[in-house]
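Trainee: I'm passing along query18.cif; it holds mmCIF, N, CA and C atoms.
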```cif
data_protein
loop_
_atom_site.label_atom_id
_atom_site.label_comp_id
_atom_site.auth_asym_id
_atom_site.auth_seq_id
_atom_site.Cartn_x
_atom_site.Cartn_y
_atom_site.Cartn_z
N MET A 1 110.96 -190.13 -104.43
CA MET A 1 111.05 -189.11 -103.43
C MET A 1 109.77 -188.27 -103.42
N HIS A 2 109.27 -187.98 -102.23
CA HIS A 2 108.12 -187.09 -102.12
C HIS A 2 108.28 -186.24 -100.87
N LYS A 3 107.38 -185.27 -100.70
CA LYS A 3 107.44 -184.35 -99.57
C LYS A 3 106.10 -184.36 -98.84
N SER A 4 106.15 -184.03 -97.53
CA SER A 4 104.93 -183.85 -96.76
C SER A 4 105.22 -182.99 -95.53
N ARG A 5 104.14 -182.43 -94.96
CA ARG A 5 104.24 -181.66 -93.72
C ARG A 5 102.84 -181.51 -93.13
N LEU A 6 102.79 -181.10 -91.86
CA LEU A 6 101.52 -180.77 -91.25
C LEU A 6 100.92 -179.63 -92.04
N GLY A 7 99.69 -179.81 -92.49
CA GLY A 7 99.06 -178.80 -93.32
C GLY A 7 97.95 -178.05 -92.62
N THR A 8 97.04 -178.78 -92.00
CA THR A 8 95.83 -178.16 -91.48
C THR A 8 95.40 -178.82 -90.18
N VAL A 9 94.92 -178.01 -89.27
CA VAL A 9 94.23 -178.50 -88.08
C VAL A 9 92.74 -178.30 -88.36
N ILE A 10 92.00 -179.39 -88.38
CA ILE A 10 90.57 -179.35 -88.66
C ILE A 10 89.81 -179.49 -87.35
N ILE A 11 88.96 -178.51 -87.05
CA ILE A 11 88.13 -178.57 -85.86
C ILE A 11 86.74 -179.02 -86.31
N ASP A 12 86.46 -180.31 -86.09
CA ASP A 12 85.17 -180.89 -86.46
C ASP A 12 84.13 -180.46 -85.43
N CYS A 13 83.07 -179.81 -85.89
CA CYS A 13 82.05 -179.27 -84.99
C CYS A 13 80.69 -179.90 -85.28
N ASN A 14 80.17 -180.61 -84.31
CA ASN A 14 78.80 -181.11 -84.39
C ASN A 14 77.94 -180.01 -83.79
N THR A 15 77.43 -179.13 -84.65
CA THR A 15 76.77 -177.92 -84.19
C THR A 15 75.68 -177.50 -85.17
N ASP A 16 74.75 -176.70 -84.68
CA ASP A 16 73.76 -176.11 -85.57
C ASP A 16 74.12 -174.66 -85.89
N ASP A 17 75.26 -174.18 -85.36
CA ASP A 17 75.67 -172.80 -85.59
C ASP A 17 77.18 -172.72 -85.78
N LEU A 18 77.64 -173.03 -86.98
CA LEU A 18 79.08 -173.03 -87.26
C LEU A 18 79.67 -171.63 -87.14
N GLU A 19 78.89 -170.61 -87.45
CA GLU A 19 79.39 -169.23 -87.33
C GLU A 19 79.72 -168.91 -85.87
N ARG A 20 78.89 -169.36 -84.93
CA ARG A 20 79.16 -169.15 -83.50
C ARG A 20 80.47 -169.82 -83.10
N GLU A 21 80.66 -171.06 -83.56
CA GLU A 21 81.89 -171.79 -83.25
C GLU A 21 83.09 -171.08 -83.86
N ALA A 22 82.92 -170.58 -85.08
CA ALA A 22 84.01 -169.88 -85.76
C ALA A 22 84.40 -168.60 -85.02
N ARG A 23 83.41 -167.87 -84.51
CA ARG A 23 83.72 -166.66 -83.74
C ARG A 23 84.57 -167.01 -82.52
N PHE A 24 84.19 -168.08 -81.82
CA PHE A 24 84.96 -168.50 -80.65
C PHE A 24 86.40 -168.82 -81.04
N TRP A 25 86.58 -169.70 -82.03
CA TRP A 25 87.93 -170.13 -82.40
C TRP A 25 88.74 -169.00 -83.01
N GLY A 26 88.10 -168.11 -83.74
CA GLY A 26 88.81 -166.95 -84.28
C GLY A 26 89.37 -166.09 -83.16
N MET A 27 88.53 -165.81 -82.15
CA MET A 27 88.99 -165.00 -81.02
C MET A 27 90.01 -165.77 -80.17
N ALA A 28 89.80 -167.06 -79.98
CA ALA A 28 90.72 -167.86 -79.17
C ALA A 28 92.11 -167.92 -79.80
N LEU A 29 92.18 -167.96 -81.12
CA LEU A 29 93.45 -168.09 -81.83
C LEU A 29 93.99 -166.76 -82.34
N GLY A 30 93.26 -165.67 -82.08
CA GLY A 30 93.72 -164.36 -82.51
C GLY A 30 93.67 -164.15 -84.00
N GLY A 31 92.70 -164.78 -84.65
CA GLY A 31 92.58 -164.67 -86.10
C GLY A 31 91.23 -164.14 -86.52
N THR A 32 91.06 -164.05 -87.81
CA THR A 32 89.78 -163.67 -88.39
C THR A 32 89.17 -164.90 -89.03
N THR A 33 87.87 -164.84 -89.30
CA THR A 33 87.20 -165.99 -89.91
C THR A 33 86.65 -165.61 -91.27
N GLN A 34 86.60 -166.62 -92.13
CA GLN A 34 86.06 -166.42 -93.48
C GLN A 34 85.42 -167.72 -93.92
N ARG A 35 84.19 -167.61 -94.42
CA ARG A 35 83.50 -168.79 -94.93
C ARG A 35 84.33 -169.41 -96.05
N HIS A 36 84.45 -170.72 -96.02
CA HIS A 36 85.30 -171.47 -96.94
C HIS A 36 84.52 -171.97 -98.16
N ASP A 37 83.20 -172.14 -98.01
CA ASP A 37 82.39 -172.72 -99.09
C ASP A 37 81.00 -172.11 -99.08
N ASP A 38 80.26 -172.34 -100.13
CA ASP A 38 78.91 -171.79 -100.25
C ASP A 38 77.87 -172.57 -99.45
N GLU A 39 78.17 -173.80 -99.09
CA GLU A 39 77.20 -174.64 -98.38
C GLU A 39 77.20 -174.42 -96.88
N GLY A 40 78.14 -173.62 -96.37
CA GLY A 40 78.19 -173.35 -94.94
C GLY A 40 78.75 -174.50 -94.13
N ARG A 41 79.54 -175.35 -94.75
CA ARG A 41 80.10 -176.50 -94.06
C ARG A 41 81.51 -176.24 -93.53
N TYR A 42 82.19 -175.23 -94.07
CA TYR A 42 83.57 -174.94 -93.70
C TYR A 42 83.77 -173.46 -93.43
N VAL A 43 84.58 -173.15 -92.42
CA VAL A 43 84.99 -171.77 -92.13
C VAL A 43 86.49 -171.80 -91.86
N ASP A 44 87.24 -170.91 -92.53
CA ASP A 44 88.67 -170.76 -92.27
C ASP A 44 88.89 -169.83 -91.10
N VAL A 45 89.85 -170.16 -90.25
CA VAL A 45 90.33 -169.23 -89.24
C VAL A 45 91.70 -168.78 -89.72
N GLN A 46 91.80 -167.53 -90.10
CA GLN A 46 93.04 -167.02 -90.69
C GLN A 46 93.92 -166.44 -89.60
N THR A 47 95.08 -167.08 -89.44
CA THR A 47 96.07 -166.65 -88.46
C THR A 47 97.36 -166.34 -89.20
N ASP A 48 98.46 -166.29 -88.51
CA ASP A 48 99.75 -166.01 -89.13
C ASP A 48 100.01 -167.01 -90.26
N PRO A 49 100.44 -166.55 -91.44
CA PRO A 49 100.65 -167.46 -92.57
C PRO A 49 101.67 -168.57 -92.31
N SER A 50 102.54 -168.39 -91.32
CA SER A 50 103.51 -169.45 -91.03
C SER A 50 102.92 -170.55 -90.15
N ASP A 51 101.74 -170.30 -89.56
CA ASP A 51 101.05 -171.31 -88.76
C ASP A 51 100.35 -172.32 -89.67
N PRO A 52 100.11 -173.54 -89.18
CA PRO A 52 99.26 -174.45 -89.96
C PRO A 52 97.89 -173.81 -90.18
N GLN A 53 97.27 -174.14 -91.26
CA GLN A 53 95.93 -173.64 -91.56
C GLN A 53 94.95 -174.25 -90.55
N VAL A 54 93.95 -173.47 -90.12
CA VAL A 54 92.91 -173.95 -89.22
C VAL A 54 91.58 -173.80 -89.94
N ILE A 55 90.82 -174.90 -90.01
CA ILE A 55 89.51 -174.90 -90.66
C ILE A 55 88.50 -175.54 -89.72
N LEU A 56 87.34 -174.90 -89.57
CA LEU A 56 86.22 -175.51 -88.86
C LEU A 56 85.36 -176.22 -89.89
N GLN A 57 84.92 -177.41 -89.54
CA GLN A 57 84.11 -178.24 -90.45
C GLN A 57 82.87 -178.70 -89.70
N LYS A 58 81.70 -178.46 -90.28
CA LYS A 58 80.45 -178.94 -89.69
C LYS A 58 80.33 -180.43 -89.99
N VAL A 59 80.10 -181.24 -88.94
CA VAL A 59 80.06 -182.70 -89.09
C VAL A 59 78.85 -183.29 -88.37
N ASP A 60 78.55 -184.55 -88.70
CA ASP A 60 77.48 -185.28 -88.03
C ASP A 60 77.99 -186.16 -86.90
N HIS A 61 79.28 -186.48 -86.88
CA HIS A 61 79.85 -187.30 -85.81
C HIS A 61 80.22 -186.41 -84.62
N PRO A 62 80.60 -186.99 -83.49
CA PRO A 62 80.96 -186.16 -82.34
C PRO A 62 82.08 -185.16 -82.67
N SER A 63 82.05 -184.01 -82.01
CA SER A 63 83.07 -182.99 -82.22
C SER A 63 84.44 -183.54 -81.81
N ARG A 64 85.46 -183.18 -82.59
CA ARG A 64 86.84 -183.59 -82.31
C ARG A 64 87.76 -182.73 -83.18
N ILE A 65 89.02 -182.89 -82.99
CA ILE A 65 90.00 -182.18 -83.81
C ILE A 65 90.85 -183.23 -84.51
N HIS A 66 91.12 -183.02 -85.80
CA HIS A 66 92.03 -183.91 -86.52
C HIS A 66 92.99 -183.07 -87.35
N ILE A 67 94.04 -183.70 -87.83
CA ILE A 67 95.00 -182.98 -88.67
C ILE A 67 94.94 -183.49 -90.10
N ASP A 68 95.38 -182.63 -91.00
CA ASP A 68 95.62 -183.01 -92.39
C ASP A 68 97.12 -182.92 -92.62
N ILE A 69 97.68 -183.93 -93.23
CA ILE A 69 99.07 -183.90 -93.67
C ILE A 69 99.04 -183.61 -95.15
N GLU A 70 99.70 -182.54 -95.57
CA GLU A 70 99.71 -182.19 -96.99
C GLU A 70 100.97 -182.77 -97.64
N THR A 71 100.81 -183.17 -98.91
CA THR A 71 101.90 -183.83 -99.62
C THR A 71 101.81 -183.56 -101.11
N ASN A 72 102.91 -183.73 -101.78
CA ASN A 72 102.92 -183.62 -103.24
C ASN A 72 102.68 -184.97 -103.90
N ASP A 73 102.49 -186.05 -103.11
CA ASP A 73 102.23 -187.39 -103.65
C ASP A 73 101.41 -188.18 -102.63
N ILE A 74 100.10 -188.12 -102.75
CA ILE A 74 99.22 -188.75 -101.76
C ILE A 74 99.49 -190.25 -101.64
N GLU A 75 99.61 -190.94 -102.76
CA GLU A 75 99.83 -192.39 -102.70
C GLU A 75 101.12 -192.75 -101.99
N ALA A 76 102.20 -192.02 -102.28
CA ALA A 76 103.49 -192.31 -101.63
C ALA A 76 103.42 -192.02 -100.13
N GLU A 77 102.73 -190.95 -99.75
CA GLU A 77 102.62 -190.61 -98.32
C GLU A 77 101.76 -191.64 -97.59
N VAL A 78 100.68 -192.09 -98.21
CA VAL A 78 99.85 -193.14 -97.60
C VAL A 78 100.69 -194.40 -97.39
N GLU A 79 101.46 -194.77 -98.39
CA GLU A 79 102.30 -195.96 -98.28
C GLU A 79 103.34 -195.80 -97.17
N ARG A 80 103.95 -194.63 -97.07
CA ARG A 80 104.95 -194.37 -96.03
C ARG A 80 104.32 -194.52 -94.64
N LEU A 81 103.13 -193.95 -94.47
CA LEU A 81 102.47 -193.99 -93.17
C LEU A 81 101.93 -195.38 -92.84
N GLN A 82 101.54 -196.14 -93.86
CA GLN A 82 101.15 -197.54 -93.62
C GLN A 82 102.36 -198.31 -93.09
N GLY A 83 103.53 -198.00 -93.60
CA GLY A 83 104.76 -198.63 -93.12
C GLY A 83 105.06 -198.31 -91.66
N LEU A 84 104.51 -197.19 -91.18
CA LEU A 84 104.67 -196.81 -89.78
C LEU A 84 103.56 -197.36 -88.89
N GLY A 85 102.58 -198.05 -89.48
CA GLY A 85 101.51 -198.67 -88.70
C GLY A 85 100.13 -198.08 -88.87
N ALA A 86 99.99 -197.02 -89.67
CA ALA A 86 98.67 -196.43 -89.92
C ALA A 86 97.89 -197.32 -90.90
N VAL A 87 96.57 -197.21 -90.87
CA VAL A 87 95.73 -197.96 -91.80
C VAL A 87 94.83 -197.00 -92.57
N VAL A 88 94.50 -197.39 -93.78
CA VAL A 88 93.59 -196.59 -94.60
C VAL A 88 92.16 -196.89 -94.16
N ILE A 89 91.40 -195.84 -93.89
CA ILE A 89 89.99 -195.98 -93.53
C ILE A 89 89.12 -195.79 -94.76
N GLU A 90 89.43 -194.77 -95.56
CA GLU A 90 88.62 -194.49 -96.75
C GLU A 90 89.43 -193.64 -97.74
N LYS A 91 89.37 -194.02 -99.00
CA LYS A 91 89.99 -193.22 -100.06
C LYS A 91 88.90 -192.39 -100.73
N MET A 92 89.10 -191.09 -100.70
CA MET A 92 88.16 -190.16 -101.33
C MET A 92 88.79 -189.69 -102.64
N GLU A 93 88.06 -188.88 -103.38
CA GLU A 93 88.58 -188.40 -104.66
C GLU A 93 89.83 -187.54 -104.50
N ARG A 94 89.85 -186.66 -103.47
CA ARG A 94 90.98 -185.73 -103.32
C ARG A 94 91.77 -185.91 -102.04
N TRP A 95 91.42 -186.89 -101.20
CA TRP A 95 92.17 -187.13 -99.97
C TRP A 95 91.94 -188.56 -99.52
N THR A 96 92.77 -188.99 -98.56
CA THR A 96 92.64 -190.32 -97.96
C THR A 96 92.54 -190.17 -96.46
N VAL A 97 91.55 -190.83 -95.87
CA VAL A 97 91.37 -190.84 -94.42
C VAL A 97 92.15 -192.03 -93.87
N MET A 98 92.99 -191.75 -92.87
CA MET A 98 93.80 -192.81 -92.26
C MET A 98 93.58 -192.83 -90.76
N GLU A 99 94.03 -193.90 -90.13
CA GLU A 99 93.96 -194.00 -88.68
C GLU A 99 95.34 -194.42 -88.17
N ALA A 100 95.84 -193.68 -87.19
CA ALA A 100 97.13 -193.97 -86.57
C ALA A 100 97.00 -195.19 -85.65
N PRO A 101 98.10 -195.80 -85.26
CA PRO A 101 98.02 -196.90 -84.30
C PRO A 101 97.30 -196.51 -83.00
N SER A 102 97.32 -195.21 -82.66
CA SER A 102 96.65 -194.71 -81.45
C SER A 102 95.14 -194.57 -81.64
N LYS A 103 94.66 -194.87 -82.86
CA LYS A 103 93.24 -194.78 -83.24
C LYS A 103 92.79 -193.36 -83.57
N HIS A 104 93.71 -192.40 -83.65
CA HIS A 104 93.37 -191.05 -84.09
C HIS A 104 93.28 -191.03 -85.61
N ARG A 105 92.23 -190.41 -86.11
CA ARG A 105 92.06 -190.30 -87.56
C ARG A 105 92.70 -189.02 -88.06
N PHE A 106 93.19 -189.07 -89.28
CA PHE A 106 93.80 -187.92 -89.93
C PHE A 106 93.66 -188.10 -91.43
N CYS A 107 93.89 -187.03 -92.18
CA CYS A 107 93.74 -187.09 -93.64
C CYS A 107 95.04 -186.75 -94.34
N ILE A 108 95.22 -187.34 -95.49
CA ILE A 108 96.33 -187.01 -96.38
C ILE A 108 95.73 -186.24 -97.54
N ILE A 109 96.22 -185.02 -97.76
CA ILE A 109 95.68 -184.13 -98.79
C ILE A 109 96.80 -183.64 -99.69
N GLY A 110 96.45 -183.07 -100.82
CA GLY A 110 97.43 -182.45 -101.70
C GLY A 110 98.00 -181.20 -101.07
N ALA A 111 99.20 -180.83 -101.49
CA ALA A 111 99.86 -179.62 -100.97
C ALA A 111 99.01 -178.40 -101.28
N ARG A 112 98.82 -177.53 -100.28
CA ARG A 112 97.96 -176.36 -100.45
C ARG A 112 98.57 -175.06 -99.95
N ARG A 113 99.29 -175.13 -98.85
CA ARG A 113 99.77 -173.89 -98.23
C ARG A 113 101.02 -173.35 -98.92
N GLN A 114 101.19 -172.04 -98.81
CA GLN A 114 102.39 -171.41 -99.34
C GLN A 114 103.62 -171.96 -98.63
N GLY A 115 104.73 -171.99 -99.34
CA GLY A 115 105.98 -172.43 -98.76
C GLY A 115 106.14 -173.92 -98.65
N PHE A 116 105.24 -174.68 -99.27
CA PHE A 116 105.31 -176.14 -99.15
C PHE A 116 106.66 -176.67 -99.61
N ASP A 117 107.08 -176.32 -100.82
CA ASP A 117 108.32 -176.87 -101.37
C ASP A 117 109.54 -176.54 -100.50
N GLU A 118 109.56 -175.36 -99.92
CA GLU A 118 110.71 -174.94 -99.13
C GLU A 118 110.71 -175.54 -97.72
N ASN A 119 109.52 -175.84 -97.18
CA ASN A 119 109.43 -176.20 -95.76
C ASN A 119 108.97 -177.62 -95.48
N ALA A 120 108.67 -178.40 -96.48
CA ALA A 120 108.18 -179.76 -96.24
C ALA A 120 109.34 -180.72 -95.99
N ASN A 121 109.02 -181.82 -95.30
CA ASN A 121 109.98 -182.91 -95.12
C ASN A 121 110.16 -183.63 -96.44
N ILE A 122 111.35 -184.11 -96.70
CA ILE A 122 111.64 -184.87 -97.92
C ILE A 122 111.82 -186.32 -97.53
N TRP A 123 111.08 -187.20 -98.21
CA TRP A 123 111.13 -188.65 -97.92
C TRP A 123 111.67 -189.38 -99.14
N GLU A 124 112.60 -190.25 -98.91
CA GLU A 124 113.19 -191.05 -99.99
C GLU A 124 112.35 -192.27 -100.27
#
```
Is it possible to give me this structure as structure tokens?

Mentor:
Amino acid sequence: MHKSRLGTVIIDCNTDDLEREARFWGMALGGTTQRHDDEGRYVDVQTDPSDPQVILQKVDHPSRIHIDIETNDIEAEVERLQGLGAVVIEKMERWTVMEAPSKHRFCIIGARRQGFDENANIWE
């Protein structure tokens, strides 16, 4: 048995000014922004704690939005989603990149947000 839920909406930004993009998304979503790392590659948009987490990520590929599914068992969640037709694109040290049958990419990450145990789906 393991658990999972929608964890994060990642806004991939192919930009030379991530702070500018963060200001836009912060105002658009009614939140505040906070740098996520020292390298300037990530910015959090802090909204209501019950909302999924929103993170802007500076990328080299075209801009797009993807989701992260958080889980207490990455391997079990990857296996469950493969059973639904998703494929593994790349296994990283702390997450796995997958692709849905629709060709949308998404990531499987460890549980991070508050309330995970109480609000996640339970899979047998």

Trainee: Can you tell me, as a count of residues only, which residues in region 2-84 of chain A count as helix (DSSP H, G or I) by DSSP?

Mentor: 22

Trainee: Would you list the contacts of Gln53 (chain A) as a list in words, taking every protein, DNA or RNA residue within 6 Å and counting only N, CA and C atoms, but skipping same-chain residues closer than 5 positions in sequence?

Mentor: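 Residues near the query, excluding close chain neighbours: Gly7, Thr8 and Val9 of chain A.
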
Trainee: Using only C-alpha atoms, which residues sit within 10 Å of Ile108 (chain A) once same-chain residues fewer than 2 positions away are excluded, as a PyMOL selection string?

Mentor: chain A and resi 4-7+67-71+73-75+77-78+81+91+94-98+106+110-111

Trainee: Would you put the residues from that selection into a file with N, CA and C atoms, as a PDB file, keeping the file's coordinate frame?

Mentor:
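As a result, selection03.pdb now contains:
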```pdb
ATOM      1  N   SER A   4     106.150-184.030 -97.530  1.00  0.00           N
ATOM      2  CA  SER A   4     104.930-183.850 -96.760  1.00  0.00           C
ATOM      3  C   SER A   4     105.220-182.990 -95.530  1.00  0.00           C
ATOM      4  N   ARG A   5     104.140-182.430 -94.960  1.00  0.00           N
ATOM      5  CA  ARG A   5     104.240-181.660 -93.720  1.00  0.00           C
ATOM      6  C   ARG A   5     102.840-181.510 -93.130  1.00  0.00           C
ATOM      7  N   LEU A   6     102.790-181.100 -91.860  1.00  0.00           N
ATOM      8  CA  LEU A   6     101.520-180.770 -91.250  1.00  0.00           C
ATOM      9  C   LEU A   6     100.920-179.630 -92.040  1.00  0.00           C
ATOM     10  N   GLY A   7      99.690-179.810 -92.490  1.00  0.00           N
ATOM     11  CA  GLY A   7      99.060-178.800 -93.320  1.00  0.00           C
ATOM     12  C   GLY A   7      97.950-178.050 -92.620  1.00  0.00           C
ATOM     13  N   ILE A  67      94.040-183.700 -87.830  1.00  0.00           N
ATOM     14  CA  ILE A  67      95.000-182.980 -88.670  1.00  0.00           C
ATOM     15  C   ILE A  67      94.940-183.490 -90.100  1.00  0.00           C
ATOM     16  N   ASP A  68      95.380-182.630 -91.000  1.00  0.00           N
ATOM     17  CA  ASP A  68      95.620-183.010 -92.390  1.00  0.00           C
ATOM     18  C   ASP A  68      97.120-182.920 -92.620  1.00  0.00           C
ATOM     19  N   ILE A  69      97.680-183.930 -93.230  1.00  0.00           N
ATOM     20  CA  ILE A  69      99.070-183.900 -93.670  1.00  0.00           C
ATOM     21  C   ILE A  69      99.040-183.610 -95.150  1.00  0.00           C
ATOM     22  N   GLU A  70      99.700-182.540 -95.570  1.00  0.00           N
ATOM     23  CA  GLU A  70      99.710-182.190 -96.990  1.00  0.00           C
ATOM     24  C   GLU A  70     100.970-182.770 -97.640  1.00  0.00           C
ATOM     25  N   THR A  71     100.810-183.170 -98.910  1.00  0.00           N
ATOM     26  CA  THR A  71     101.900-183.830 -99.620  1.00  0.00           C
ATOM     27  C   THR A  71     101.810-183.560-101.110  1.00  0.00           C
ATOM     28  N   ASP A  73     102.490-186.050-103.110  1.00  0.00           N
ATOM     29  CA  ASP A  73     102.230-187.390-103.650  1.00  0.00           C
ATOM     30  C   ASP A  73     101.410-188.180-102.630  1.00  0.00           C
ATOM     31  N   ILE A  74     100.100-188.120-102.750  1.00  0.00           N
ATOM     32  CA  ILE A  74      99.220-188.750-101.760  1.00  0.00           C
ATOM     33  C   ILE A  74      99.490-190.250-101.640  1.00  0.00           C
ATOM     34  N   GLU A  75      99.610-190.940-102.760  1.00  0.00           N
ATOM     35  CA  GLU A  75      99.830-192.390-102.700  1.00  0.00           C
ATOM     36  C   GLU A  75     101.120-192.750-101.990  1.00  0.00           C
ATOM     37  N   GLU A  77     102.730-190.950 -99.750  1.00  0.00           N
ATOM     38  CA  GLU A  77     102.620-190.610 -98.320  1.00  0.00           C
ATOM     39  C   GLU A  77     101.760-191.640 -97.590  1.00  0.00           C
ATOM     40  N   VAL A  78     100.680-192.090 -98.210  1.00  0.00           N
ATOM     41  CA  VAL A  78      99.850-193.140 -97.600  1.00  0.00           C
ATOM     42  C   VAL A  78     100.690-194.400 -97.390  1.00  0.00           C
ATOM     43  N   LEU A  81     103.130-193.950 -94.470  1.00  0.00           N
ATOM     44  CA  LEU A  81     102.470-193.990 -93.170  1.00  0.00           C
ATOM     45  C   LEU A  81     101.930-195.380 -92.840  1.00  0.00           C
ATOM     46  N   LYS A  91      89.370-194.020 -99.000  1.00  0.00           N
ATOM     47  CA  LYS A  91      89.990-193.220-100.060  1.00  0.00           C
ATOM     48  C   LYS A  91      88.900-192.390-100.730  1.00  0.00           C
ATOM     49  N   ARG A  94      89.850-186.660-103.470  1.00  0.00           N
ATOM     50  CA  ARG A  94      90.980-185.730-103.320  1.00  0.00           C
ATOM     51  C   ARG A  94      91.770-185.910-102.040  1.00  0.00           C
ATOM     52  N   TRP A  95      91.420-186.890-101.200  1.00  0.00           N
ATOM     53  CA  TRP A  95      92.170-187.130 -99.970  1.00  0.00           C
ATOM     54  C   TRP A  95      91.940-188.560 -99.520  1.00  0.00           C
ATOM     55  N   THR A  96      92.770-188.990 -98.560  1.00  0.00           N
ATOM     56  CA  THR A  96      92.640-190.320 -97.960  1.00  0.00           C
ATOM     57  C   THR A  96      92.540-190.170 -96.460  1.00  0.00           C
ATOM     58  N   VAL A  97      91.550-190.830 -95.870  1.00  0.00           N
ATOM     59  CA  VAL A  97      91.370-190.840 -94.420  1.00  0.00           C
ATOM     60  C   VAL A  97      92.150-192.030 -93.870  1.00  0.00           C
ATOM     61  N   MET A  98      92.990-191.750 -92.870  1.00  0.00           N
ATOM     62  CA  MET A  98      93.800-192.810 -92.260  1.00  0.00           C
ATOM     63  C   MET A  98      93.580-192.830 -90.760  1.00  0.00           C
ATOM     64  N   PHE A 106      93.190-189.070 -89.280  1.00  0.00           N
ATOM     65  CA  PHE A 106      93.800-187.920 -89.930  1.00  0.00           C
ATOM     66  C   PHE A 106      93.660-188.100 -91.430  1.00  0.00           C
ATOM     67  N   GLY A 110      96.450-183.070-100.820  1.00  0.00           N
ATOM     68  CA  GLY A 110      97.430-182.450-101.700  1.00  0.00           C
ATOM     69  C   GLY A 110      98.000-181.200-101.070  1.00  0.00           C
ATOM     70  N   ALA A 111      99.200-180.830-101.490  1.00  0.00           N
ATOM     71  CA  ALA A 111      99.860-179.620-100.970  1.00  0.00           C
ATOM     72  C   ALA A 111      99.010-178.400-101.280  1.00  0.00           C
TER      73      ALA A 111
END
```

Trainee: Rounded to one decimal, what separation in Å do you get between atom C of Cys13 (chain A) and atom C of Gln57 (chain A)?

Mentor: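 These atoms are spaced 5.1 Å apart.
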
Trainee: Excluding region 39-49 of chain A and any residue of its chain fewer than 5 positions from it, enumerate the residues within 7 Å of it, using only C-alpha atoms, and give them as an NGL selection string.

Mentor: :A and (22 or 26 or 30-34 or 54-58)

Trainee: Between atom C of Cys107 (chain A) and CA of Ala86 (chain A), what is the spacing in Å?

Mentor: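 Distance reported for this atom pair: 11.2 Å.
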
Trainee: Restricting the calculation to only C-alpha atoms: of A:Glu19, A:Ala28, A:Met1, A:Ile11, which residue gets closest to Trp123 (chain A)?

Mentor: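 Counting only C-alpha atoms, the residue closest to Trp123 (chain A) is A:Met1.
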
Trainee: Could you please determine the separation between atom C of Val87 (chain A) and atom C of Glu99 (chain A) in Å, to one decimal place?

Mentor: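 These atoms are spaced 5.1 Å apart.
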
Trainee: Give the strand (DSSP E) residues of region 17-97 of chain A, as DSSP finds them on the backbone, and put them as number ranges by chain.

Mentor: A: 32-35, 42-46, 53-58, 64-71, 87-91, 95-97

Trainee: Residues proximal to (85.5, -180.5, -84.4) were defined as those with any atom within 6 Å of that point in the file's coordinates, counting all atoms listed in the file. Which are they, as a ChimeraX atom specification?

Mentor: /A:10-14,63-65
